[in-house]
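Quick look at start.cif (mmCIF, C-alpha atoms):
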data_my_file
loop_
_atom_site.group_PDB
_atom_site.id
_atom_site.type_symbol
_atom_site.label_atom_id
_atom_site.label_comp_id
_atom_site.auth_asym_id
_atom_site.auth_seq_id
_atom_site.Cartn_x
_atom_site.Cartn_y
_atom_site.Cartn_z
ATOM 1 C CA MET A 24 105.507 138.203 102.279
ATOM 2 C CA GLU A 25 104.555 140.248 105.365
ATOM 3 C CA GLY A 26 101.194 139.238 106.758
ATOM 4 C CA LEU A 27 101.091 136.002 104.760
ATOM 5 C CA ASN A 28 97.605 134.504 105.066
ATOM 6 C CA LEU A 29 97.015 131.041 103.650
ATOM 7 C CA ASP A 30 93.986 130.037 105.715
ATOM 8 C CA GLY A 31 92.041 127.443 103.755
ATOM 9 C CA TRP A 32 94.809 126.981 101.152
ATOM 10 C CA LEU A 33 96.849 123.788 100.705
ATOM 11 C CA PRO A 34 100.011 123.174 98.641
ATOM 12 C CA ILE A 35 99.261 121.112 95.545
ATOM 13 C CA ARG A 36 102.495 121.419 93.559
ATOM 14 C CA VAL A 37 106.155 122.201 94.172
ATOM 15 C CA TRP A 38 108.298 122.902 91.150
ATOM 16 C CA GLN A 39 111.382 124.731 89.956
ATOM 17 C CA GLU A 40 111.206 127.643 87.538
ATOM 18 C CA SER A 41 114.261 129.592 86.347
ATOM 19 C CA GLY A 42 116.286 128.093 89.168
ATOM 20 C CA GLN A 43 113.766 129.100 91.852
ATOM 21 C CA TRP A 44 111.521 126.690 93.734
ATOM 22 C CA GLN A 45 107.847 127.642 93.811
ATOM 23 C CA VAL A 46 104.681 126.405 95.520
ATOM 24 C CA ASP A 47 101.266 126.245 93.861
ATOM 25 C CA TRP A 48 98.345 126.507 96.315
ATOM 26 C CA CYS A 49 94.685 125.560 95.968
ATOM 27 C CA TRP A 50 91.816 126.826 98.110
ATOM 28 C CA PHE A 51 90.027 124.060 100.023
ATOM 29 C CA GLY A 52 88.321 126.162 102.658
ATOM 30 C CA ASP A 53 87.113 123.754 105.332
ATOM 31 C CA ARG A 54 86.495 120.847 102.927
ATOM 32 C CA ARG A 55 87.602 117.491 104.373
ATOM 33 C CA LEU A 56 90.131 115.333 102.534
ATOM 34 C CA SER A 57 88.060 112.149 102.345
ATOM 35 C CA GLN A 58 89.105 110.893 98.905
ATOM 36 C CA PRO A 59 91.423 107.851 98.584
ATOM 37 C CA PHE A 60 94.287 110.012 97.280
ATOM 38 C CA PHE A 61 95.258 113.649 97.718
ATOM 39 C CA GLY A 62 95.325 114.023 93.934
ATOM 40 C CA ASP A 63 91.608 113.128 93.834
ATOM 41 C CA ALA A 64 90.869 115.860 96.384
ATOM 42 C CA VAL A 65 92.889 118.355 94.344
ATOM 43 C CA GLU A 66 90.965 117.537 91.157
ATOM 44 C CA ALA A 67 87.666 118.067 92.965
ATOM 45 C CA ALA A 68 88.826 121.349 94.505
ATOM 46 C CA LEU A 69 90.119 122.697 91.189
ATOM 47 C CA ARG A 70 86.598 122.342 89.773
ATOM 48 C CA LEU A 71 85.321 124.928 92.251
ATOM 49 C CA PRO A 72 84.550 128.239 90.494
ATOM 50 C CA PHE A 73 86.789 130.122 92.946
ATOM 51 C CA ASN A 74 89.833 128.021 92.052
ATOM 52 C CA GLN A 75 89.167 128.441 88.347
ATOM 53 C CA VAL A 76 89.530 132.195 88.791
ATOM 54 C CA PHE A 77 91.999 132.601 91.659
ATOM 55 C CA ARG A 78 95.315 130.823 92.071
ATOM 56 C CA ARG A 79 98.208 131.446 94.444
ATOM 57 C CA GLN A 80 101.884 130.859 93.832
ATOM 58 C CA THR A 81 104.586 131.599 96.381
ATOM 59 C CA PRO A 82 108.317 130.990 96.820
ATOM 60 C CA LEU A 83 109.262 127.771 98.610
ATOM 61 C CA SER A 84 110.265 129.842 101.650
ATOM 62 C CA SER A 85 106.575 130.584 102.211
ATOM 63 C CA LEU A 86 106.163 127.076 103.645
ATOM 64 C CA GLU A 87 108.555 127.896 106.485
ATOM 65 C CA GLN A 88 107.023 131.334 107.011
ATOM 66 C CA TRP A 89 103.472 129.971 107.136
ATOM 67 C CA GLN A 90 104.569 127.370 109.675
ATOM 68 C CA ARG A 91 105.984 130.105 111.896
ATOM 69 C CA GLN A 92 102.828 132.193 111.602
ATOM 70 C CA SER A 93 100.350 129.309 111.892
ATOM 71 C CA PRO A 94 101.894 126.062 113.175
ATOM 72 C CA GLY A 95 99.952 123.029 112.028
ATOM 73 C CA LEU A 96 99.632 119.622 113.630
ATOM 74 C CA GLU A 97 102.770 117.509 113.853
ATOM 75 C CA PRO A 98 102.338 114.175 112.015
ATOM 76 C CA ASP A 99 101.070 111.389 114.283
ATOM 77 C CA GLY A 100 101.891 108.558 111.899
ATOM 78 C CA PHE A 101 103.467 107.730 108.545
ATOM 79 C CA ILE A 102 102.147 104.910 106.377
ATOM 80 C CA PHE A 103 104.722 103.350 104.052
ATOM 81 C CA HIS A 104 103.811 100.422 101.858
ATOM 82 C CA ALA A 105 104.774 98.024 99.089
ATOM 83 C CA SER A 106 101.830 99.152 96.869
ATOM 84 C CA ARG A 107 98.607 97.255 96.102
ATOM 85 C CA CYS A 108 98.698 95.833 99.618
ATOM 86 C CA GLY A 109 95.983 97.453 101.742
ATOM 87 C CA SER A 110 97.588 100.753 102.763
ATOM 88 C CA THR A 111 94.748 102.688 101.124
ATOM 89 C CA LEU A 112 92.267 100.715 103.232
ATOM 90 C CA VAL A 113 94.142 101.789 106.358
ATOM 91 C CA SER A 114 94.197 105.456 105.315
ATOM 92 C CA GLN A 115 90.525 105.396 104.275
ATOM 93 C CA MET A 116 89.503 103.926 107.629
ATOM 94 C CA LEU A 117 91.301 106.768 109.381
ATOM 95 C CA ALA A 118 89.753 109.296 106.993
ATOM 96 C CA GLN A 119 86.331 108.423 108.450
ATOM 97 C CA LEU A 120 87.357 110.109 111.713
ATOM 98 C CA GLU A 121 86.279 113.730 111.980
ATOM 99 C CA ASP A 122 89.281 114.768 114.067
ATOM 100 C CA HIS A 123 91.855 113.208 111.712
ATOM 101 C CA ILE A 124 93.553 114.805 108.732
ATOM 102 C CA VAL A 125 94.681 112.056 106.345
ATOM 103 C CA ILE A 126 96.947 113.066 103.472
ATOM 104 C CA SER A 127 97.461 110.244 100.998
ATOM 105 C CA GLU A 128 100.404 110.339 98.574
ATOM 106 C CA PRO A 129 100.614 114.119 98.020
ATOM 107 C CA ALA A 130 102.791 114.924 95.020
ATOM 108 C CA PRO A 131 104.544 117.906 96.699
ATOM 109 C CA LEU A 132 105.855 115.617 99.439
ATOM 110 C CA ASP A 133 107.394 113.222 96.918
ATOM 111 C CA THR A 134 108.933 116.168 95.071
ATOM 112 C CA LEU A 135 110.583 117.572 98.199
ATOM 113 C CA LEU A 136 111.800 114.184 99.393
ATOM 114 C CA ARG A 137 113.632 113.540 96.121
ATOM 115 C CA CYS A 138 114.588 116.995 94.819
ATOM 116 C CA ASP A 139 118.082 118.488 94.611
ATOM 117 C CA LEU A 140 117.706 121.078 97.376
ATOM 118 C CA SER A 141 120.377 121.193 100.050
ATOM 119 C CA HIS A 142 119.756 118.980 103.059
ATOM 120 C CA ALA A 143 118.941 121.917 105.337
ATOM 121 C CA GLU A 144 116.571 123.487 102.802
ATOM 122 C CA ARG A 145 114.757 120.206 102.247
ATOM 123 C CA CYS A 146 114.233 119.658 105.973
ATOM 124 C CA LEU A 147 112.793 123.152 106.433
ATOM 125 C CA ALA A 148 110.549 122.747 103.399
ATOM 126 C CA LEU A 149 109.328 119.307 104.504
ATOM 127 C CA LYS A 150 108.436 120.578 107.962
ATOM 128 C CA GLY A 151 106.666 123.573 106.432
ATOM 129 C CA LEU A 152 104.775 121.411 103.939
ATOM 130 C CA LEU A 153 103.416 119.016 106.558
ATOM 131 C CA SER A 154 102.571 121.950 108.816
ATOM 132 C CA ALA A 155 100.512 123.384 105.943
ATOM 133 C CA TYR A 156 98.702 120.056 105.552
ATOM 134 C CA GLY A 157 98.202 119.889 109.309
ATOM 135 C CA GLN A 158 96.297 123.172 109.571
ATOM 136 C CA ARG A 159 93.102 122.941 111.631
ATOM 137 C CA ARG A 160 90.871 124.209 108.843
ATOM 138 C CA ARG A 161 87.649 123.185 110.647
ATOM 139 C CA GLY A 162 88.944 123.783 114.155
ATOM 140 C CA ILE A 163 88.353 120.221 115.420
ATOM 141 C CA GLU A 164 91.324 118.352 113.951
ATOM 142 C CA GLN A 165 93.596 116.628 116.446
ATOM 143 C CA ARG A 166 95.807 114.273 114.419
ATOM 144 C CA LEU A 167 97.631 114.211 111.094
ATOM 145 C CA VAL A 168 98.431 110.932 109.328
ATOM 146 C CA VAL A 169 100.407 110.838 106.075
ATOM 147 C CA LYS A 170 100.528 107.992 103.568
ATOM 148 C CA LEU A 171 103.499 108.181 101.221
ATOM 149 C CA ASP A 172 104.151 106.823 97.744
ATOM 150 C CA ALA A 173 105.547 103.290 97.708
ATOM 151 C CA TRP A 174 109.002 104.333 96.478
ATOM 152 C CA ASN A 175 109.348 106.917 99.269
ATOM 153 C CA ILE A 176 110.516 104.128 101.590
ATOM 154 C CA GLY A 177 113.932 105.097 100.245
ATOM 155 C CA GLU A 178 113.596 108.561 101.809
ATOM 156 C CA LEU A 179 112.432 107.343 105.205
ATOM 157 C CA PRO A 180 115.761 108.242 106.939
ATOM 158 C CA LEU A 181 115.332 111.882 105.870
ATOM 159 C CA LEU A 182 111.732 111.956 107.068
ATOM 160 C CA ARG A 183 112.761 110.380 110.371
ATOM 161 C CA GLU A 184 115.404 113.066 110.786
ATOM 162 C CA CYS A 185 112.755 115.754 110.336
ATOM 163 C CA PHE A 186 110.138 113.987 112.498
ATOM 164 C CA PRO A 187 112.046 111.672 114.866
ATOM 165 C CA ASP A 188 109.093 111.107 117.200
ATOM 166 C CA THR A 189 106.545 110.114 114.546
ATOM 167 C CA PRO A 190 105.828 106.354 114.488
ATOM 168 C CA TRP A 191 105.551 104.619 111.138
ATOM 169 C CA LEU A 192 104.422 101.354 109.646
ATOM 170 C CA PHE A 193 105.144 99.383 106.501
ATOM 171 C CA VAL A 194 102.250 97.543 104.850
ATOM 172 C CA TYR A 195 103.084 94.669 102.497
ATOM 173 C CA ARG A 196 101.537 91.591 100.883
ATOM 174 C CA ASP A 197 102.385 88.285 99.249
ATOM 175 C CA PRO A 198 104.720 89.526 96.482
ATOM 176 C CA VAL A 199 103.124 87.278 93.844
ATOM 177 C CA GLU A 200 99.816 89.064 94.420
ATOM 178 C CA ILE A 201 101.445 92.494 94.244
ATOM 179 C CA ALA A 202 103.299 91.565 91.056
ATOM 180 C CA VAL A 203 100.144 90.290 89.316
ATOM 181 C CA SER A 204 98.365 93.545 90.166
ATOM 182 C CA HIS A 205 101.154 95.534 88.510
ATOM 183 C CA VAL A 206 101.249 93.249 85.467
ATOM 184 C CA ARG A 207 97.542 93.923 85.041
ATOM 185 C CA ARG A 208 97.868 97.676 85.545
ATOM 186 C CA PRO A 209 101.389 98.917 86.260
ATOM 187 C CA GLY A 210 101.851 101.578 88.893
ATOM 188 C CA MET A 211 104.081 104.529 88.047
ATOM 189 C CA HIS A 212 107.067 103.001 89.810
ATOM 190 C CA MET A 213 106.718 99.796 87.800
ATOM 191 C CA VAL A 214 107.158 101.545 84.446
ATOM 192 C CA PRO A 215 110.806 102.141 83.410
ATOM 193 C CA GLY A 216 111.744 105.819 83.704
ATOM 194 C CA MET A 217 108.318 106.990 84.891
ATOM 195 C CA ILE A 218 109.248 108.328 88.351
ATOM 196 C CA GLY A 219 112.895 109.250 87.810
ATOM 197 C CA ALA A 220 115.697 108.085 90.076
ATOM 198 C CA SER A 221 114.605 106.185 93.177
ATOM 199 C CA VAL A 222 115.730 103.531 95.637
ATOM 200 C CA LEU A 223 114.141 100.931 93.349
ATOM 201 C CA ASP A 224 116.753 101.433 90.627
ATOM 202 C CA ASP A 225 119.585 99.030 89.873
ATOM 203 C CA GLU A 226 122.122 98.709 87.089
ATOM 204 C CA LEU A 227 120.983 95.343 85.748
ATOM 205 C CA PRO A 228 119.399 94.839 82.321
ATOM 206 C CA PHE A 229 115.869 93.467 82.274
ATOM 207 C CA SER A 230 113.851 91.435 79.813
ATOM 208 C CA GLY A 231 110.234 92.475 79.873
ATOM 209 C CA GLN A 232 107.587 93.347 82.413
ATOM 210 C CA GLU A 233 107.630 89.996 84.223
ATOM 211 C CA ASP A 234 111.310 90.477 84.978
ATOM 212 C CA PHE A 235 111.288 94.223 85.714
ATOM 213 C CA ILE A 236 108.331 94.256 88.134
ATOM 214 C CA PRO A 237 109.577 91.461 90.457
ATOM 215 C CA ARG A 238 113.004 93.038 90.608
ATOM 216 C CA ARG A 239 111.617 96.437 91.595
ATOM 217 C CA LEU A 240 109.316 94.757 94.085
ATOM 218 C CA GLY A 241 112.228 92.898 95.635
ATOM 219 C CA ARG A 242 114.130 96.167 96.089
ATOM 220 C CA LEU A 243 111.078 97.777 97.646
ATOM 221 C CA LEU A 244 110.519 94.959 100.145
ATOM 222 C CA GLN A 245 114.224 94.738 100.977
ATOM 223 C CA THR A 246 114.379 98.451 101.744
ATOM 224 C CA GLY A 247 111.276 98.050 103.896
ATOM 225 C CA VAL A 248 112.932 95.266 105.896
ATOM 226 C CA GLU A 249 116.133 97.218 106.404
ATOM 227 C CA HIS A 250 114.323 100.346 107.557
ATOM 228 C CA CYS A 251 111.923 98.454 109.825
ATOM 229 C CA ARG A 252 114.971 97.051 111.582
ATOM 230 C CA ALA A 253 116.940 100.298 111.678
ATOM 231 C CA PHE A 254 114.118 102.712 112.505
ATOM 232 C CA ALA A 255 111.648 100.628 114.534
ATOM 233 C CA GLY A 256 108.909 100.377 111.917
ATOM 234 C CA MET A 257 105.817 98.204 112.402
ATOM 235 C CA ALA A 258 105.397 95.536 109.698
ATOM 236 C CA VAL A 259 101.755 94.934 108.720
ATOM 237 C CA ASN A 260 100.642 92.173 106.358
ATOM 238 C CA TYR A 261 97.643 92.676 104.057
ATOM 239 C CA GLY A 262 96.176 89.470 105.474
ATOM 240 C CA GLU A 263 95.781 91.143 108.870
ATOM 241 C CA LEU A 264 93.433 93.793 107.489
ATOM 242 C CA PRO A 265 91.003 95.150 108.378
ATOM 243 C CA GLY A 266 90.960 93.234 111.673
ATOM 244 C CA ALA A 267 94.314 94.619 112.837
ATOM 245 C CA MET A 268 92.721 98.054 113.063
ATOM 246 C CA ALA A 269 90.834 96.791 116.109
ATOM 247 C CA GLY A 270 94.043 95.324 117.561
ATOM 248 C CA ARG A 271 97.615 96.488 117.287
ATOM 249 C CA LEU A 272 96.838 99.256 114.802
ATOM 250 C CA ALA A 273 94.313 100.696 117.249
ATOM 251 C CA ASP A 274 97.184 101.021 119.703
ATOM 252 C CA PHE A 275 99.485 102.405 117.007
ATOM 253 C CA PHE A 276 96.994 105.136 116.010
ATOM 254 C CA ARG A 277 95.685 105.572 119.581
ATOM 255 C CA LEU A 278 92.031 104.961 118.657
ATOM 256 C CA ASP A 279 89.255 104.567 121.214
ATOM 257 C CA ASP A 280 86.164 102.355 120.839
ATOM 258 C CA ALA A 281 84.021 105.104 119.337
ATOM 259 C CA GLN A 282 86.679 105.912 116.760
ATOM 260 C CA LEU A 283 87.065 102.247 115.859
ATOM 261 C CA LYS A 284 83.344 101.938 115.245
ATOM 262 C CA GLN A 285 83.494 104.945 112.935
ATOM 263 C CA ALA A 286 86.642 103.718 111.168
ATOM 264 C CA PHE A 287 85.056 100.381 110.338
ATOM 265 C CA THR A 288 82.311 102.071 108.329
ATOM 266 C CA ALA A 289 84.862 102.113 105.489
ATOM 267 C CA VAL A 290 85.151 98.303 105.508
ATOM 268 C CA GLY A 291 83.235 96.636 102.730
ATOM 269 C CA GLN A 292 83.981 99.445 100.305
ATOM 270 C CA HIS A 293 86.691 99.213 97.680
ATOM 271 C CA ALA A 294 89.472 101.368 99.154
ATOM 272 C CA LYS A 295 90.504 103.042 95.884
ATOM 273 C CA GLN A 296 86.950 103.199 94.450
ATOM 274 C CA PRO A 297 84.663 103.936 97.419
ATOM 275 C CA LEU A 298 81.427 103.525 95.426
ATOM 276 C CA GLN A 299 82.269 99.874 94.712
ATOM 277 C CA ALA A 300 81.971 96.967 97.132
ATOM 278 C CA PHE A 301 85.270 95.374 98.096
ATOM 279 C CA ALA A 302 85.926 91.764 97.079
ATOM 280 C CA GLY A 303 89.085 89.869 98.015
ATOM 281 C CA ASP A 304 91.164 88.774 95.044
ATOM 282 C CA SER A 305 94.185 86.973 96.507
ATOM 283 C CA GLU A 306 93.298 83.552 95.127
ATOM 284 C CA ASP A 307 92.541 84.941 91.665
ATOM 285 C CA LYS A 308 95.873 86.743 91.572
ATOM 286 C CA ARG A 309 97.859 83.695 92.619
ATOM 287 C CA ARG A 310 96.137 81.603 89.933
ATOM 288 C CA GLU A 311 96.797 84.278 87.319
ATOM 289 C CA ALA A 312 100.554 84.441 87.921
ATOM 290 C CA SER A 313 102.524 82.910 85.054
ATOM 291 C CA PRO A 314 105.334 80.415 85.767
ATOM 292 C CA LEU A 315 107.894 83.035 84.709
ATOM 293 C CA LEU A 316 106.423 85.678 86.995
ATOM 294 C CA ARG A 317 106.375 83.254 89.925
ATOM 295 C CA GLU A 318 109.986 82.278 89.301
ATOM 296 C CA ARG A 319 111.136 85.904 89.109
ATOM 297 C CA VAL A 320 109.179 86.887 92.209
ATOM 298 C CA MET A 321 110.642 83.992 94.173
ATOM 299 C CA HIS A 322 114.139 84.971 93.039
ATOM 300 C CA TRP A 323 113.896 88.665 93.873
ATOM 301 C CA ALA A 324 111.199 89.083 96.525
ATOM 302 C CA LYS A 325 110.804 85.861 98.524
ATOM 303 C CA GLU A 326 113.665 86.524 100.948
ATOM 304 C CA PRO A 327 112.682 90.082 101.978
ATOM 305 C CA TYR A 328 109.030 89.036 102.237
ATOM 306 C CA GLU A 329 109.921 86.217 104.609
ATOM 307 C CA ALA A 330 112.128 88.604 106.598
ATOM 308 C CA LEU A 331 109.174 90.976 106.981
ATOM 309 C CA GLU A 332 107.040 88.066 108.170
ATOM 310 C CA CYS A 333 109.662 87.215 110.790
ATOM 311 C CA LEU A 334 109.688 90.816 112.007
ATOM 312 C CA ARG A 335 105.913 90.948 112.167
ATOM 313 C CA LYS A 336 105.548 87.669 114.049
ATOM 314 C CA SER A 337 108.304 88.519 116.507
#

Please, can you express the file's structure as structure tokens?
Amino acid sequence: MEGLNLDGWLPIRVWQESGQWQVDWCWFGDRRLSQPFFGDAVEAALRLPFNQVFRRQTPLSSLEQWQRQSPGLEPDGFIFHASRCGSTLVSQMLAQLEDHIVISEPAPLDTLLRCDLSHAERCLALKGLLSAYGQRRRGIEQRLVVKLDAWNIGELPLLRECFPDTPWLFVYRDPVEIAVSHVRRPGMHMVPGMIGASVLDDELPFSGQEDFIPRRLGRLLQTGVEHCRAFAGMAVNYGELPGAMAGRLADFFRLDDAQLKQAFTAVGQHAKQPLQAFAGDSEDKRREASPLLRERVMHWAKEPYEALECLRKS
């Protein structure tokens, strides 16, 4: 791979074939990643005529080589979250800033965090992957912020080992409201067997969706509490948003007044569906919760939620 040149290309898939790990790349040129999720940006890019004709696949080692040849930005912040709790609003506010690269839940990152590579190989690949995402494709980028999948809170120690100086936050919400959202439309991690092994797993039998979802949610929140304590994470409640972006999150992301004004242009839009106006739904969700769901949520998720509140208020 002498003279490797991946200018304008971003990794969109990491997979194993015949025992060898490979990377699938897609050409983005200087197109900004403004969509709510990286997968949305990939779908749009794959519709470009160029990407329908030309594709690039390389060995996993190309991530390390490309980092050596063209070092990208180091991550300035990691956003972890309990799902359906405002983390997409945070990432979309940052995505309004011209000098920010915001990568939201990229599938290759989840793959590398949870694959069966050796520890050393995973660390090298993770650093190379985020360097590839942190390329200054337009020449003006100054900061890289990465939002992870909800279940990746289990891999935070590995990510901290690779990027010990990168601050991180954990966004959460009243667990009854999160649970109702997943009963309505389950996320991948709330469907048995959908995401494979993760920190959310336990060995207990379950009896239906209204038992399974609260239990997974409790594990997620508990892991968030433990890691916030062990690795100095900032706990952020959904109820603080978007106002916190002008307060402690402005300090966290090191935003000036001009950047804050630009970031707040995203407020009022639905974070996951930018063409729709945002409308708060907390009261509706609490009313919709069945007695069984409330009881299960209180059993599994009340304690870690209250612990997160104590951390936040302290």

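For the residues A:Val290, A:Arg335, A:Asp188, A:Val46, ranking by smallest atom-to-atom distance to Arg271 in chain A using only C-alpha atoms places A:Arg335 first.
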
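Remark: for Arg166 in chain A, the closest of the candidate residues A:Gly95, A:Pro265, A:Gly231, A:Gly247 is A:Gly95 (distances computed over only C-alpha atoms).
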
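Nearest-residue note for Val320 in chain A: choosing from A:Lys284, A:Arg242, A:Arg277, A:Arg137, the minimum distance belongs to A:Arg242, counting all atoms listed in the file.
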
Using all atoms listed in the file, determine which residues lie at most 9 Å from range 218-230 of chain A, disregarding the query and same-chain residues fewer than 6 positions distant; provide the list as a list in words.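 Skipping anything fewer than 6 positions along the chain leaves Arg137, Trp174, Asn175, Ile176, Gly177, Glu178, Met211, His212, Arg238, Arg239, Leu240, Gly241, Arg242, Leu243 and Thr246 of chain A.
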
Quick one: of A:Pro237, A:Pro180, A:Pro98, A:Gly157, who's nearest to Trp32 in chain A, counting only C-alpha atoms?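 Among the listed residues, the smallest separation from Trp32 in chain A belongs to A:Gly157.
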
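When all atoms listed in the file are used to measure the gap to Val203 in chain A, the shortest distance among A:Asp133, A:Asp99, A:Glu329, A:Glu233 belongs to A:Glu233.
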
Find the distance between CA of Arg54 in chain A and CA of Pro34 in chain A and write it in Å to one decimal.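 Between these atoms lies a distance of 14.4 Å.
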
As a ChimeraX atom specification, please: the residues near Lys308 in chain A (cut-off 9 Å, only C-alpha atoms, same-chain neighbours under 3 positions excluded). /A:199-204,304-305,311-312

Option closest in space to Leu132 in chain A, from A:Phe61, A:Phe235, A:Phe73, A:Phe275 [counting all atoms listed in the file]: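 Checking each candidate against Leu132 in chain A, we get A:Phe61 as the closest.
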